[in-house]
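Here is target.txt, consisting of compact mmCIF, C-alpha atoms:
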# COMPACT_ATOMS: atom_id res chain seq x y z
CA MET A 171 -77.09 -49.54 80.11
CA MET A 172 -73.40 -49.28 79.44
CA ILE A 173 -71.82 -49.52 76.00
CA SER A 174 -68.89 -51.94 76.04
CA THR A 175 -65.46 -51.59 74.48
CA ARG A 176 -66.71 -53.82 71.66
CA GLY A 177 -69.43 -51.33 70.67
CA ARG A 178 -67.18 -48.30 71.02
CA TYR A 179 -64.39 -49.88 68.96
CA ALA A 180 -66.85 -50.97 66.25
CA LEU A 181 -67.91 -47.34 65.88
CA ARG A 182 -64.27 -46.24 65.69
CA VAL A 183 -63.55 -48.85 63.00
CA MET A 184 -66.53 -47.69 60.94
CA ILE A 185 -65.53 -44.02 61.24
CA ASP A 186 -61.92 -44.81 60.37
CA LEU A 187 -62.92 -46.82 57.27
CA ALA A 188 -65.20 -43.97 56.19
CA GLU A 189 -62.55 -41.29 56.70
CA HIS A 190 -59.83 -43.21 54.84
CA ASN A 191 -62.00 -44.49 51.99
CA ASP A 192 -60.18 -43.96 48.72
CA GLY A 193 -61.82 -46.82 46.87
CA SER A 194 -59.24 -49.42 47.88
CA CYS A 195 -59.23 -51.94 50.71
CA ILE A 196 -57.89 -50.63 54.01
CA PRO A 197 -55.65 -53.03 55.97
CA MET A 198 -57.00 -53.55 59.48
CA LYS A 199 -53.46 -53.19 60.87
CA ASP A 200 -53.58 -49.57 59.65
CA VAL A 201 -56.91 -48.99 61.40
CA ALA A 202 -55.60 -50.64 64.58
CA LYS A 203 -52.52 -48.41 64.55
CA ARG A 204 -54.48 -45.20 63.91
CA GLN A 205 -57.04 -46.05 66.58
CA GLY A 206 -54.55 -47.31 69.16
CA VAL A 207 -56.38 -50.63 69.44
CA SER A 208 -54.87 -54.11 69.28
CA LEU A 209 -55.32 -55.89 65.95
CA LYS A 210 -56.25 -59.03 67.89
CA TYR A 211 -59.19 -57.23 69.51
CA LEU A 212 -60.39 -55.73 66.21
CA GLU A 213 -60.28 -59.20 64.64
CA ARG A 214 -62.96 -60.25 67.14
CA ILE A 215 -65.26 -57.39 66.05
CA LEU A 216 -64.82 -57.66 62.27
CA PRO A 217 -66.75 -60.92 61.76
CA VAL A 218 -69.93 -59.34 63.17
CA LEU A 219 -69.58 -56.34 60.85
CA THR A 220 -68.81 -58.46 57.77
CA LYS A 221 -71.45 -61.11 58.46
CA ASN A 222 -74.09 -58.38 58.68
CA LYS A 223 -72.78 -56.71 55.50
CA LEU A 224 -71.69 -53.43 57.08
CA ILE A 225 -68.17 -53.92 55.76
CA SER A 226 -66.61 -56.26 53.22
CA GLY A 227 -63.21 -57.84 53.48
CA VAL A 228 -60.64 -59.10 51.00
CA HIS A 229 -57.98 -61.52 52.26
CA GLY A 230 -54.39 -61.76 51.09
CA LYS A 231 -51.96 -59.31 49.54
CA GLY A 232 -53.60 -55.95 48.94
CA GLY A 233 -56.49 -57.04 51.12
CA GLY A 234 -58.34 -55.18 53.80
CA TYR A 235 -61.80 -53.81 54.48
CA THR A 236 -64.18 -51.30 52.97
CA LEU A 237 -67.61 -49.99 53.84
CA CYS A 238 -70.51 -51.55 51.96
CA ARG A 239 -72.55 -48.33 52.01
CA ARG A 240 -72.05 -44.60 52.26
CA PRO A 241 -71.30 -43.22 55.78
CA GLU A 242 -74.67 -41.45 55.94
CA GLU A 243 -76.43 -44.81 55.47
CA TYR A 244 -75.12 -46.33 58.72
CA THR A 245 -76.70 -45.45 62.04
CA VAL A 246 -75.00 -45.70 65.40
CA GLY A 247 -78.04 -47.66 66.62
CA GLU A 248 -77.60 -50.30 63.93
CA ILE A 249 -73.92 -50.78 64.81
CA LEU A 250 -74.49 -50.85 68.57
CA ARG A 251 -77.34 -53.37 68.31
CA LEU A 252 -75.06 -55.66 66.29
CA THR A 253 -72.15 -55.42 68.71
CA GLU A 254 -74.00 -54.94 72.01
CA GLY A 255 -77.23 -56.80 71.39
CA GLU A 256 -80.49 -55.13 72.29
CA LEU A 257 -80.06 -51.80 74.03
CA ALA A 258 -82.80 -52.69 76.52
CA PRO A 259 -82.22 -51.14 79.95
CA VAL A 260 -84.05 -53.99 81.75
CA ALA A 261 -84.39 -57.71 81.02
CA CYS A 262 -88.17 -57.63 80.55
CA LEU A 263 -87.80 -55.39 77.46
CA GLU A 264 -85.25 -57.59 75.72
CA LYS A 265 -86.25 -59.36 72.52
CA ASN A 266 -87.87 -62.74 73.26
CA ALA A 267 -88.03 -62.01 77.00
CA LYS A 268 -90.37 -64.19 79.02
CA PRO A 269 -93.55 -62.30 79.88
CA CYS A 270 -93.22 -60.76 83.30
CA GLY A 271 -95.89 -61.74 85.80
CA ARG A 272 -95.68 -58.29 87.33
CA ALA A 273 -96.10 -56.32 84.08
CA GLU A 274 -99.74 -55.44 84.86
CA GLU A 275 -98.92 -53.78 88.16
CA CYS A 276 -95.33 -52.68 87.43
CA ARG A 277 -94.96 -49.01 88.30
CA THR A 278 -91.65 -48.65 86.42
CA LEU A 279 -92.32 -50.53 83.17
CA ARG A 280 -93.55 -47.47 81.27
CA MET A 281 -90.51 -45.48 82.38
CA TRP A 282 -88.11 -48.22 81.21
CA SER A 283 -90.05 -48.64 77.99
CA ASP A 284 -89.92 -44.90 77.26
CA PHE A 285 -86.19 -44.84 78.05
CA PHE A 286 -85.61 -47.81 75.71
CA LYS A 287 -87.52 -46.07 72.92
CA MET A 288 -85.70 -42.78 73.50
CA THR A 289 -82.29 -44.51 73.47
CA ASN A 290 -82.99 -46.32 70.20
CA GLU A 291 -84.40 -43.20 68.54
CA TYR A 292 -81.39 -41.16 69.68
CA PHE A 293 -78.78 -43.63 68.36
CA ASP A 294 -80.78 -44.26 65.18
CA GLY A 295 -80.71 -40.51 64.51
CA ILE A 296 -76.89 -40.37 64.36
CA THR A 297 -74.97 -41.61 61.32
CA ILE A 298 -71.31 -42.42 60.76
CA ALA A 299 -71.23 -39.30 58.54
CA ASP A 300 -72.39 -37.25 61.55
CA LEU A 301 -69.57 -38.68 63.66
CA MET A 302 -67.02 -37.84 60.97
CA ARG A 303 -67.69 -34.14 61.45
CA THR A 304 -65.03 -32.63 63.67
CA GLU A 305 -66.90 -29.59 64.91
CA HIS A 306 -68.53 -29.99 68.30
CA SER A 307 -72.00 -28.67 69.01

Can you dump the structure from the file as structure tokens?
Amino acid sequence: MMISTRGRYALRVMIDLAEHNDGSCIPMKDVAKRQGVSLKYLERILPVLTKNKLISGVHGKGGGYTLCRRPEEYTVGEILRLTEGELAPVACLEKNAKPCGRAEECRTLRMWSDFFKMTNEYFDGITIADLMRTEHS
């Protein structure tokens, strides 16, 4: 599994909005400039975040975006699943996958299933607040 630019940029947007939250809307052009990302690309990510109520947007003069919750209430897993889809390492573990005819005798299914579970638990254990911390462990 590889996380795309879309997922990585969504995390950067969320961290940026959290770090610059002063109670007012934050123009996305400011986020784009700080993050070194094109505004056009960010505008493709924002609808997913707003539609799923992770951020809210106000259009027009004085408009911009804000987080809908506190940084510690967002998990990396939640954001990546919205932007990347399921984090399944193999097709047979994806949501609504057709049952595999080989599942009964598949020697690798348990390994992939454990990896999928471990990946989700790992990303669900990290919040935006965690990513805001600058110290490295």

Q. So, counting all atoms listed in the file, which residue among A:Cys270, A:Leu237, A:Leu224, A:Leu209 is closest to Asp186 (chain A)?
A.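 Closest to Asp186 (chain A) of all the choices is A:Leu237.
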
Q: Could you check how far CA of Glu264 (chain A) sits from CA of Ile249 (chain A), in Å to one decimal?
A: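 Straight-line distance from CA of Glu264 (chain A) to CA of Ile249 (chain A) works out to 17.1 Å.
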
Scan for residues within 12 Å of the point (-72.5, -58.5, 61.3) in the coordinates of the file, using only C-alpha atoms, and reply as a PDB file with C-alpha atoms, in the frame of the given file.
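The file below, result04.pdb, is the result:
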ATOM      1  CA  ALA A 180     -66.850 -50.970  66.250  1.00  0.00           C
ATOM      2  CA  ARG A 214     -62.960 -60.250  67.140  1.00  0.00           C
ATOM      3  CA  ILE A 215     -65.260 -57.390  66.050  1.00  0.00           C
ATOM      4  CA  LEU A 216     -64.820 -57.660  62.270  1.00  0.00           C
ATOM      5  CA  PRO A 217     -66.750 -60.920  61.760  1.00  0.00           C
ATOM      6  CA  VAL A 218     -69.930 -59.340  63.170  1.00  0.00           C
ATOM      7  CA  LEU A 219     -69.580 -56.340  60.850  1.00  0.00           C
ATOM      8  CA  THR A 220     -68.810 -58.460  57.770  1.00  0.00           C
ATOM      9  CA  LYS A 221     -71.450 -61.110  58.460  1.00  0.00           C
ATOM     10  CA  ASN A 222     -74.090 -58.380  58.680  1.00  0.00           C
ATOM     11  CA  LYS A 223     -72.780 -56.710  55.500  1.00  0.00           C
ATOM     12  CA  LEU A 224     -71.690 -53.430  57.080  1.00  0.00           C
ATOM     13  CA  ILE A 225     -68.170 -53.920  55.760  1.00  0.00           C
ATOM     14  CA  SER A 226     -66.610 -56.260  53.220  1.00  0.00           C
ATOM     15  CA  CYS A 238     -70.510 -51.550  51.960  1.00  0.00           C
ATOM     16  CA  GLU A 248     -77.600 -50.300  63.930  1.00  0.00           C
ATOM     17  CA  ILE A 249     -73.920 -50.780  64.810  1.00  0.00           C
ATOM     18  CA  LEU A 250     -74.490 -50.850  68.570  1.00  0.00           C
ATOM     19  CA  ARG A 251     -77.340 -53.370  68.310  1.00  0.00           C
ATOM     20  CA  LEU A 252     -75.060 -55.660  66.290  1.00  0.00           C
ATOM     21  CA  THR A 253     -72.150 -55.420  68.710  1.00  0.00           C
ATOM     22  CA  GLU A 254     -74.000 -54.940  72.010  1.00  0.00           C
ATOM     23  CA  GLY A 255     -77.230 -56.800  71.390  1.00  0.00           C
TER      24      GLY A 255
END

Q | Near-Gly206 (chain A) list (12 Å; all atoms listed in the file; drop same-chain fewer than 6 positions) as a VMD selection string | A | chain A and resid 179 182 to 183 186 198 to 200 212

**Q.** Atom-to-atom span, CA of Asp192 (chain A) and CA of Val207 (chain A), Å
**A.**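 Taking CA of Asp192 (chain A) as the start and CA of Val207 (chain A) as the end point, the length is 22.1 Å.
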